[in-house]
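The file structure_3.cif contains mmCIF, C-alpha atoms, pLDDT in the B column; chains and numbers go by the auth columns:
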data_final
loop_
_atom_site.group_PDB
_atom_site.id
_atom_site.type_symbol
_atom_site.label_atom_id
_atom_site.label_comp_id
_atom_site.label_asym_id
_atom_site.label_seq_id
_atom_site.Cartn_x
_atom_site.Cartn_y
_atom_site.Cartn_z
_atom_site.B_iso_or_equiv
_atom_site.auth_seq_id
_atom_site.auth_asym_id
ATOM 1 C CA MET A 1 0.000 0.000 0.000 46.00 271 A
ATOM 2 C CA SER A 2 1.473 3.322 -1.050 53.00 272 A
ATOM 3 C CA THR A 3 1.512 6.289 1.281 71.00 273 A
ATOM 4 C CA ALA A 4 -0.699 9.180 0.248 75.00 274 A
ATOM 5 C CA PRO A 5 0.854 12.617 0.073 90.00 275 A
ATOM 6 C CA ALA A 6 0.053 14.675 3.162 94.00 276 A
ATOM 7 C CA LEU A 7 -0.646 18.379 3.339 95.00 277 A
ATOM 8 C CA THR A 8 -0.204 20.306 6.564 95.00 278 A
ATOM 9 C CA ALA A 9 -2.974 22.497 7.912 95.00 279 A
ATOM 10 C CA GLU A 10 -1.114 25.573 6.645 96.00 280 A
ATOM 11 C CA GLN A 11 -0.635 24.134 3.146 95.00 281 A
ATOM 12 C CA SER A 12 -4.282 23.091 3.037 95.00 282 A
ATOM 13 C CA SER A 13 -5.494 26.460 4.279 95.00 283 A
ATOM 14 C CA SER A 14 -3.547 28.354 1.633 95.00 284 A
ATOM 15 C CA ARG A 15 -4.964 26.097 -1.114 95.00 285 A
ATOM 16 C CA ILE A 16 -8.468 25.494 0.288 95.00 286 A
ATOM 17 C CA HIS A 17 -10.123 27.454 -2.552 93.00 287 A
ATOM 18 C CA GLU A 18 -8.577 25.170 -5.202 94.00 288 A
ATOM 19 C CA LEU A 19 -9.001 21.816 -3.415 96.00 289 A
ATOM 20 C CA THR A 20 -12.000 19.521 -3.415 97.00 290 A
ATOM 21 C CA VAL A 21 -12.218 18.557 0.254 97.00 291 A
ATOM 22 C CA VAL A 22 -13.764 15.192 1.138 97.00 292 A
ATOM 23 C CA ASP A 23 -14.488 14.511 4.813 97.00 293 A
ATOM 24 C CA VAL A 24 -14.669 10.755 5.485 96.00 294 A
ATOM 25 C CA ARG A 25 -15.950 11.004 9.063 92.00 295 A
ATOM 26 C CA THR A 26 -19.467 10.016 10.046 87.00 296 A
ATOM 27 C CA PRO A 27 -22.252 12.531 9.357 85.00 297 A
ATOM 28 C CA GLY A 28 -22.499 13.295 13.070 81.00 298 A
ATOM 29 C CA GLU A 29 -18.800 14.088 13.290 85.00 299 A
ATOM 30 C CA TYR A 30 -19.005 16.130 10.088 88.00 300 A
ATOM 31 C CA ALA A 31 -21.925 18.155 11.485 85.00 301 A
ATOM 32 C CA SER A 32 -19.915 18.962 14.601 84.00 302 A
ATOM 33 C CA GLY A 33 -17.466 20.918 12.420 89.00 303 A
ATOM 34 C CA HIS A 34 -15.690 20.474 9.101 93.00 304 A
ATOM 35 C CA LEU A 35 -13.276 22.271 6.802 96.00 305 A
ATOM 36 C CA PRO A 36 -14.815 25.017 4.646 94.00 306 A
ATOM 37 C CA GLY A 37 -16.490 23.560 1.573 93.00 307 A
ATOM 38 C CA ALA A 38 -15.923 19.949 2.624 95.00 308 A
ATOM 39 C CA HIS A 39 -18.126 17.210 1.177 96.00 309 A
ATOM 40 C CA ASN A 40 -19.129 14.427 3.570 94.00 310 A
ATOM 41 C CA ILE A 41 -18.609 10.895 2.278 95.00 311 A
ATOM 42 C CA PRO A 42 -18.268 8.502 5.216 93.00 312 A
ATOM 43 C CA LEU A 43 -15.425 6.041 4.825 92.00 313 A
ATOM 44 C CA ASP A 44 -17.787 3.090 4.576 89.00 314 A
ATOM 45 C CA ARG A 45 -19.533 4.743 1.603 91.00 315 A
ATOM 46 C CA LEU A 46 -16.336 5.482 -0.322 95.00 316 A
ATOM 47 C CA GLN A 47 -16.820 2.648 -2.837 95.00 317 A
ATOM 48 C CA GLN A 48 -20.224 4.078 -3.783 94.00 318 A
ATOM 49 C CA ALA A 49 -18.639 7.494 -4.319 96.00 319 A
ATOM 50 C CA LEU A 50 -15.764 6.370 -6.584 96.00 320 A
ATOM 51 C CA PRO A 51 -17.311 7.565 -9.881 96.00 321 A
ATOM 52 C CA ALA A 52 -18.063 11.030 -8.453 96.00 322 A
ATOM 53 C CA LEU A 53 -14.620 11.263 -6.857 97.00 323 A
ATOM 54 C CA ARG A 54 -12.951 10.246 -10.124 96.00 324 A
ATOM 55 C CA THR A 55 -14.815 13.073 -11.880 96.00 325 A
ATOM 56 C CA ALA A 56 -13.921 15.569 -9.143 96.00 326 A
ATOM 57 C CA SER A 57 -10.249 14.556 -9.218 95.00 327 A
ATOM 58 C CA ALA A 58 -10.138 15.173 -12.967 94.00 328 A
ATOM 59 C CA ARG A 59 -11.110 18.810 -12.264 94.00 329 A
ATOM 60 C CA GLY A 60 -8.528 19.386 -9.517 93.00 330 A
ATOM 61 C CA ASP A 61 -6.753 18.081 -6.460 95.00 331 A
ATOM 62 C CA LEU A 62 -8.601 16.108 -3.780 97.00 332 A
ATOM 63 C CA LEU A 63 -7.907 16.537 -0.074 97.00 333 A
ATOM 64 C CA VAL A 64 -9.278 13.787 2.159 97.00 334 A
ATOM 65 C CA VAL A 65 -9.934 14.685 5.792 97.00 335 A
ATOM 66 C CA CYS A 66 -10.910 12.923 9.020 95.00 336 A
ATOM 67 C CA ALA A 67 -10.429 13.655 12.717 91.00 337 A
ATOM 68 C CA SER A 68 -6.783 12.589 13.065 91.00 338 A
ATOM 69 C CA GLY A 69 -5.568 11.461 9.644 90.00 339 A
ATOM 70 C CA ALA A 70 -5.963 7.678 10.101 89.00 340 A
ATOM 71 C CA ARG A 71 -9.273 7.243 8.251 92.00 341 A
ATOM 72 C CA SER A 72 -8.263 9.703 5.549 95.00 342 A
ATOM 73 C CA ALA A 73 -5.035 7.751 4.937 93.00 343 A
ATOM 74 C CA THR A 74 -7.144 4.589 4.552 93.00 344 A
ATOM 75 C CA ALA A 75 -9.461 6.426 2.156 96.00 345 A
ATOM 76 C CA CYS A 76 -6.507 7.684 0.097 96.00 346 A
ATOM 77 C CA ALA A 77 -5.198 4.116 -0.183 95.00 347 A
ATOM 78 C CA VAL A 78 -8.606 2.927 -1.457 96.00 348 A
ATOM 79 C CA LEU A 79 -8.726 5.802 -3.935 97.00 349 A
ATOM 80 C CA ALA A 80 -5.191 5.022 -5.121 96.00 350 A
ATOM 81 C CA GLU A 81 -6.211 1.407 -5.759 96.00 351 A
ATOM 82 C CA HIS A 82 -8.810 2.809 -8.157 96.00 352 A
ATOM 83 C CA GLY A 83 -6.433 5.234 -9.880 95.00 353 A
ATOM 84 C CA ILE A 84 -7.622 8.339 -8.031 96.00 354 A
ATOM 85 C CA THR A 85 -4.926 10.570 -6.569 95.00 355 A
ATOM 86 C CA ALA A 86 -5.696 12.328 -3.303 96.00 356 A
ATOM 87 C CA ALA A 87 -3.790 13.905 -0.436 96.00 357 A
ATOM 88 C CA THR A 88 -4.603 13.592 3.241 96.00 358 A
ATOM 89 C CA LEU A 89 -4.719 16.388 5.800 96.00 359 A
ATOM 90 C CA GLU A 90 -1.838 15.686 8.169 95.00 360 A
ATOM 91 C CA GLY A 91 -3.292 15.400 11.675 94.00 361 A
ATOM 92 C CA GLY A 92 -6.873 15.818 10.427 95.00 362 A
ATOM 93 C CA THR A 93 -9.367 18.328 11.747 94.00 363 A
ATOM 94 C CA ALA A 94 -7.605 18.191 15.116 92.00 364 A
ATOM 95 C CA ALA A 95 -4.456 19.687 13.556 94.00 365 A
ATOM 96 C CA TRP A 96 -6.585 22.130 11.548 96.00 366 A
ATOM 97 C CA THR A 97 -8.176 23.603 14.680 94.00 367 A
ATOM 98 C CA GLU A 98 -4.916 23.487 16.662 94.00 368 A
ATOM 99 C CA ARG A 99 -3.421 25.800 14.022 94.00 369 A
ATOM 100 C CA GLY A 100 -6.253 28.271 14.586 93.00 370 A
ATOM 101 C CA HIS A 101 -8.318 27.509 11.490 94.00 371 A
ATOM 102 C CA ASP A 102 -12.094 27.584 11.798 90.00 372 A
ATOM 103 C CA LEU A 103 -14.425 24.690 11.242 91.00 373 A
ATOM 104 C CA HIS A 104 -17.794 25.243 9.594 89.00 374 A
ATOM 105 C CA ARG A 105 -20.896 24.006 11.364 83.00 375 A
ATOM 106 C CA PRO A 106 -24.167 23.785 9.459 72.00 376 A
ATOM 107 C CA ALA A 107 -26.956 25.762 11.104 69.00 377 A
ATOM 108 C CA GLY A 108 -29.439 23.484 12.834 65.00 378 A
ATOM 109 C CA ALA A 109 -27.430 20.351 12.094 61.00 379 A
ATOM 110 C CA ARG A 110 -27.583 17.492 14.536 60.00 380 A
ATOM 111 C CA THR A 111 -24.246 16.944 16.189 62.00 381 A
ATOM 112 C CA ALA A 112 -22.991 13.638 17.480 67.00 382 A
ATOM 113 C CA TRP A 113 -19.953 13.005 19.565 77.00 383 A
ATOM 114 C CA ALA A 114 -16.685 12.409 17.762 75.00 384 A
ATOM 115 C CA MET A 115 -16.162 8.721 16.974 80.00 385 A
ATOM 116 C CA GLU A 116 -13.227 8.476 19.379 83.00 386 A
ATOM 117 C CA ARG A 117 -15.466 9.736 22.197 86.00 387 A
ATOM 118 C CA GLN A 118 -18.228 7.292 21.237 88.00 388 A
ATOM 119 C CA VAL A 119 -15.698 4.427 21.325 90.00 389 A
ATOM 120 C CA ARG A 120 -14.392 5.493 24.750 92.00 390 A
ATOM 121 C CA LEU A 121 -17.922 5.674 26.168 93.00 391 A
ATOM 122 C CA THR A 122 -18.918 2.300 24.730 94.00 392 A
ATOM 123 C CA ALA A 123 -15.708 0.525 25.737 95.00 393 A
ATOM 124 C CA GLY A 124 -15.744 1.999 29.228 95.00 394 A
ATOM 125 C CA SER A 125 -19.420 1.147 29.706 95.00 395 A
ATOM 126 C CA LEU A 126 -18.897 -2.449 28.590 96.00 396 A
ATOM 127 C CA VAL A 127 -15.862 -2.900 30.853 95.00 397 A
ATOM 128 C CA LEU A 128 -17.798 -1.468 33.804 95.00 398 A
ATOM 129 C CA LEU A 129 -20.799 -3.665 32.983 95.00 399 A
ATOM 130 C CA GLY A 130 -18.576 -6.740 32.840 95.00 400 A
ATOM 131 C CA LEU A 131 -16.988 -5.934 36.187 94.00 401 A
ATOM 132 C CA ILE A 132 -20.288 -5.199 37.935 95.00 402 A
ATOM 133 C CA ALA A 133 -22.037 -8.253 36.471 95.00 403 A
ATOM 134 C CA GLY A 134 -18.941 -10.296 37.300 94.00 404 A
ATOM 135 C CA ARG A 135 -19.616 -9.823 41.002 94.00 405 A
ATOM 136 C CA ARG A 136 -22.670 -12.096 40.668 95.00 406 A
ATOM 137 C CA ARG A 137 -21.627 -14.139 37.638 94.00 407 A
ATOM 138 C CA PRO A 138 -17.847 -14.442 37.331 94.00 408 A
ATOM 139 C CA ALA A 139 -18.105 -15.437 33.661 94.00 409 A
ATOM 140 C CA ALA A 140 -19.405 -11.916 32.900 93.00 410 A
ATOM 141 C CA ARG A 141 -15.872 -10.634 33.497 94.00 411 A
ATOM 142 C CA LEU A 142 -15.099 -12.068 30.063 95.00 412 A
ATOM 143 C CA ILE A 143 -16.907 -9.022 28.643 95.00 413 A
ATOM 144 C CA SER A 144 -14.250 -6.786 30.218 94.00 414 A
ATOM 145 C CA ALA A 145 -11.460 -9.086 29.073 95.00 415 A
ATOM 146 C CA GLY A 146 -12.847 -9.111 25.523 94.00 416 A
ATOM 147 C CA ILE A 147 -13.016 -5.321 25.384 94.00 417 A
ATOM 148 C CA ALA A 148 -9.486 -5.041 26.790 94.00 418 A
ATOM 149 C CA GLY A 149 -8.213 -7.474 24.160 94.00 419 A
ATOM 150 C CA GLY A 150 -10.030 -5.541 21.452 92.00 420 A
ATOM 151 C CA LEU A 151 -8.441 -2.270 22.600 92.00 421 A
ATOM 152 C CA VAL A 152 -4.966 -3.816 22.540 93.00 422 A
ATOM 153 C CA PHE A 153 -5.595 -5.241 19.061 92.00 423 A
ATOM 154 C CA SER A 154 -6.920 -1.847 17.958 89.00 424 A
ATOM 155 C CA ALA A 155 -3.769 -0.098 19.156 87.00 425 A
ATOM 156 C CA LEU A 156 -1.445 -2.643 17.565 88.00 426 A
ATOM 157 C CA THR A 157 -3.169 -2.606 14.179 85.00 427 A
ATOM 158 C CA ASP A 158 -4.275 1.058 14.160 81.00 428 A
ATOM 159 C CA THR A 159 -7.807 -0.099 13.340 82.00 429 A
ATOM 160 C CA CYS A 160 -10.973 0.042 15.382 86.00 430 A
ATOM 161 C CA GLY A 161 -13.660 -2.572 14.998 88.00 431 A
ATOM 162 C CA MET A 162 -15.828 -0.867 17.593 91.00 432 A
ATOM 163 C CA ALA A 163 -15.766 2.365 15.582 86.00 433 A
ATOM 164 C CA ARG A 164 -16.850 0.420 12.509 84.00 434 A
ATOM 165 C CA VAL A 165 -19.801 -0.993 14.438 90.00 435 A
ATOM 166 C CA LEU A 166 -20.723 2.372 15.979 88.00 436 A
ATOM 167 C CA ALA A 167 -20.539 4.027 12.546 82.00 437 A
ATOM 168 C CA LYS A 168 -23.537 1.911 11.544 82.00 438 A
ATOM 169 C CA LEU A 169 -25.785 3.442 14.216 84.00 439 A
ATOM 170 C CA PRO A 170 -28.522 5.728 12.831 80.00 440 A
ATOM 171 C CA HIS A 171 -27.032 8.964 14.218 77.00 441 A
ATOM 172 C CA ASN A 172 -23.753 8.177 12.444 76.00 442 A
ATOM 173 C CA ARG A 173 -25.298 7.271 9.063 72.00 443 A
ATOM 174 C CA PRO A 174 -25.790 9.696 6.198 65.00 444 A
ATOM 175 C CA ARG A 175 -29.313 10.354 5.107 71.00 445 A
ATOM 176 C CA PRO A 176 -29.673 8.920 1.571 70.00 446 A
ATOM 177 C CA ALA A 177 -30.755 12.288 0.151 74.00 447 A
ATOM 178 C CA ALA A 178 -27.740 14.038 1.702 81.00 448 A
ATOM 179 C CA LEU A 179 -25.281 11.508 0.272 83.00 449 A
ATOM 180 C CA ASP A 180 -26.965 11.645 -3.149 85.00 450 A
ATOM 181 C CA ALA A 181 -26.700 15.452 -3.138 87.00 451 A
ATOM 182 C CA THR A 182 -23.019 15.254 -2.175 89.00 452 A
ATOM 183 C CA LEU A 183 -22.271 12.776 -4.962 89.00 453 A
ATOM 184 C CA ALA A 184 -24.136 14.934 -7.479 90.00 454 A
ATOM 185 C CA ALA A 185 -22.168 18.000 -6.395 89.00 455 A
ATOM 186 C CA LEU A 186 -18.866 16.144 -6.776 88.00 456 A
ATOM 187 C CA ALA A 187 -19.807 14.725 -10.164 87.00 457 A
ATOM 188 C CA GLY A 188 -21.160 18.065 -11.174 78.00 458 A
#

Represent the structure from my file as structure tokens, please.
Amino acid sequence: MSTAPALTAEQSSSRIHELTVVDVRTPGEYASGHLPGAHNIPLDRLQQALPALRTASARGDLLVVCASGARSATACAVLAEHGITAATLEGGTAAWTERGHDLHRPAGARTAWAMERQVRLTAGSLVLLGLIAGRRRPAARLISAGIAGGLVFSALTDTCGMARVLAKLPHNRPRPAALDATLAALAG
């Protein structure tokens, strides 16, 4: 797997008007704040968006964005496999805001917690549940052990199965009309 070129927040900011920005976070994360002009295509919908992204890349450079840079690097690798060149925002929206750049928030948009926060809440709740239930039924402690093992595996592989599962929850899913409009705008 080739490494996608990375742009810093400063490089991205100076070129934002000429880049097509694609945010691969969940719709809830996107609604909580995104780069100016960014189009939301959740990572798990990237395959569906390939034709529109190919068209957009023919018009100019693509910048793929997520919270930290991990999901956008994955997205860039998928795009590269399909002959679409894209750069990733080094450090993601976290680096963007740390450098003092503003995020846009749609008026009246529903906002969900960032995926990392959702994972921490879910993992912590399951560990606590396993420990509490384990006082009456010792086998329930296996829930806590399973979550701990999953977190270790997640750290070692830089993947997160729990985030993939949580991304399928309704508040993290794009509305079909919103995704269709985004794809039409990119193909446009």

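Near stretch 305-321 of chain A, within 6 Å and counting only C-alpha atoms, sit Val291, Val292, Asp293, Val294, Arg295, Thr296, Arg324, Leu373 and His374 of chain A, not including residues fewer than 3 positions from it in the same chain.
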
Which of these, A:Ala322, A:Ala451, A:Leu398, A:Ala343, has the shortest distance to A:Thr429 once you count all atoms listed in the file? A:Ala343

Could you pull the residues within 7 Å of A:Leu277, counting only C-alpha atoms, minus those fewer than 6 positions along the same chain, as a ChimeraX atom specification? /A:357-360

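Counting only C-alpha atoms and comparing A:Ile354, A:Leu401, A:Ala345, A:Ala365, the residue that lies closest to A:Ser414 is A:Leu401.
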
State, in Å with one decimal place, the distance from atom CA of A:Gly298 to atom CA of A:Ala364. 15.8 Å

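Distance-wise, atom CA of A:Thr290 and atom CA of A:Val335 end up 10.6 Å apart.
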
The PyMOL selection byres ((chain A and resi 337) around 8) resolved against shown file, as a compact mmCIF listing (two decimals) with C-alpha atoms, in the frame of the given file:
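This went into result_13.txt:
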# COMPACT_ATOMS: atom_id res chain seq x y z
CA ARG A 295 -15.95 11.00 9.06
CA VAL A 335 -9.93 14.68 5.79
CA CYS A 336 -10.91 12.92 9.02
CA SER A 338 -6.78 12.59 13.06
CA GLY A 339 -5.57 11.46 9.64
CA ALA A 340 -5.96 7.68 10.10
CA ARG A 341 -9.27 7.24 8.25
CA GLY A 361 -3.29 15.40 11.68
CA GLY A 362 -6.87 15.82 10.43
CA THR A 363 -9.37 18.33 11.75
CA ALA A 364 -7.60 18.19 15.12

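Distance check against A:Cys430 using all atoms listed in the file: of A:Thr355, A:Gly303, A:Leu453, A:Arg390, the minimum falls on A:Arg390.
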
Contacts of A:Leu399 within 9 Å, only C-alpha atoms, excl. fewer than 6 positions in-chain, as a PyMOL selection string: chain A and resi 410-411+413-414

Quick check on the file I pasted: which residues fall under the PyMOL selection byres ((chain A and resi 330) around 12)? Write them as an MDAnalysis selection string. chainID A and resid 285:291 323:329 331:333 354:357 456

Decode the PyMOL selection byres ((chain A and resi 299) around 8) for the given file into explicit residues and return them as a PDB file with C-alpha atoms, in the coordinates of the input.
ATOM      1  CA  ARG A 295     -15.950  11.004   9.063  1.00 92.00           C
ATOM      2  CA  THR A 296     -19.467  10.016  10.046  1.00 87.00           C
ATOM      3  CA  PRO A 297     -22.252  12.531   9.357  1.00 85.00           C
ATOM      4  CA  GLY A 298     -22.499  13.295  13.070  1.00 81.00           C
ATOM      5  CA  TYR A 300     -19.005  16.130  10.088  1.00 88.00           C
ATOM      6  CA  ALA A 301     -21.925  18.155  11.485  1.00 85.00           C
ATOM      7  CA  SER A 302     -19.915  18.962  14.601  1.00 84.00           C
ATOM      8  CA  GLY A 303     -17.466  20.918  12.420  1.00 89.00           C
ATOM      9  CA  THR A 381     -24.246  16.944  16.189  1.00 62.00           C
ATOM     10  CA  ALA A 382     -22.991  13.638  17.480  1.00 67.00           C
ATOM     11  CA  TRP A 383     -19.953  13.005  19.565  1.00 77.00           C
ATOM     12  CA  ALA A 384     -16.685  12.409  17.762  1.00 75.00           C
ATOM     13  CA  MET A 385     -16.162   8.721  16.974  1.00 80.00           C
ATOM     14  CA  ASN A 442     -23.753   8.177  12.444  1.00 76.00           C
TER      15      ASN A 442
END

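Taking atom CA of A:Val348 as the reference point, atom CA of A:Pro275 is found at 13.6 Å.
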
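Counting all atoms listed in the file and comparing A:Ala433, A:Arg375, A:Ala279, A:Pro446, the residue that lies closest to A:Leu421 is A:Ala433.
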
Go through A:Met432, A:Ala274, A:Ala415, A:Leu426 one by one, measure the shortest atom-to-atom distance of each to A:Arg387 using all atoms listed in the file, and give the residue with the smallest value. A:Met432
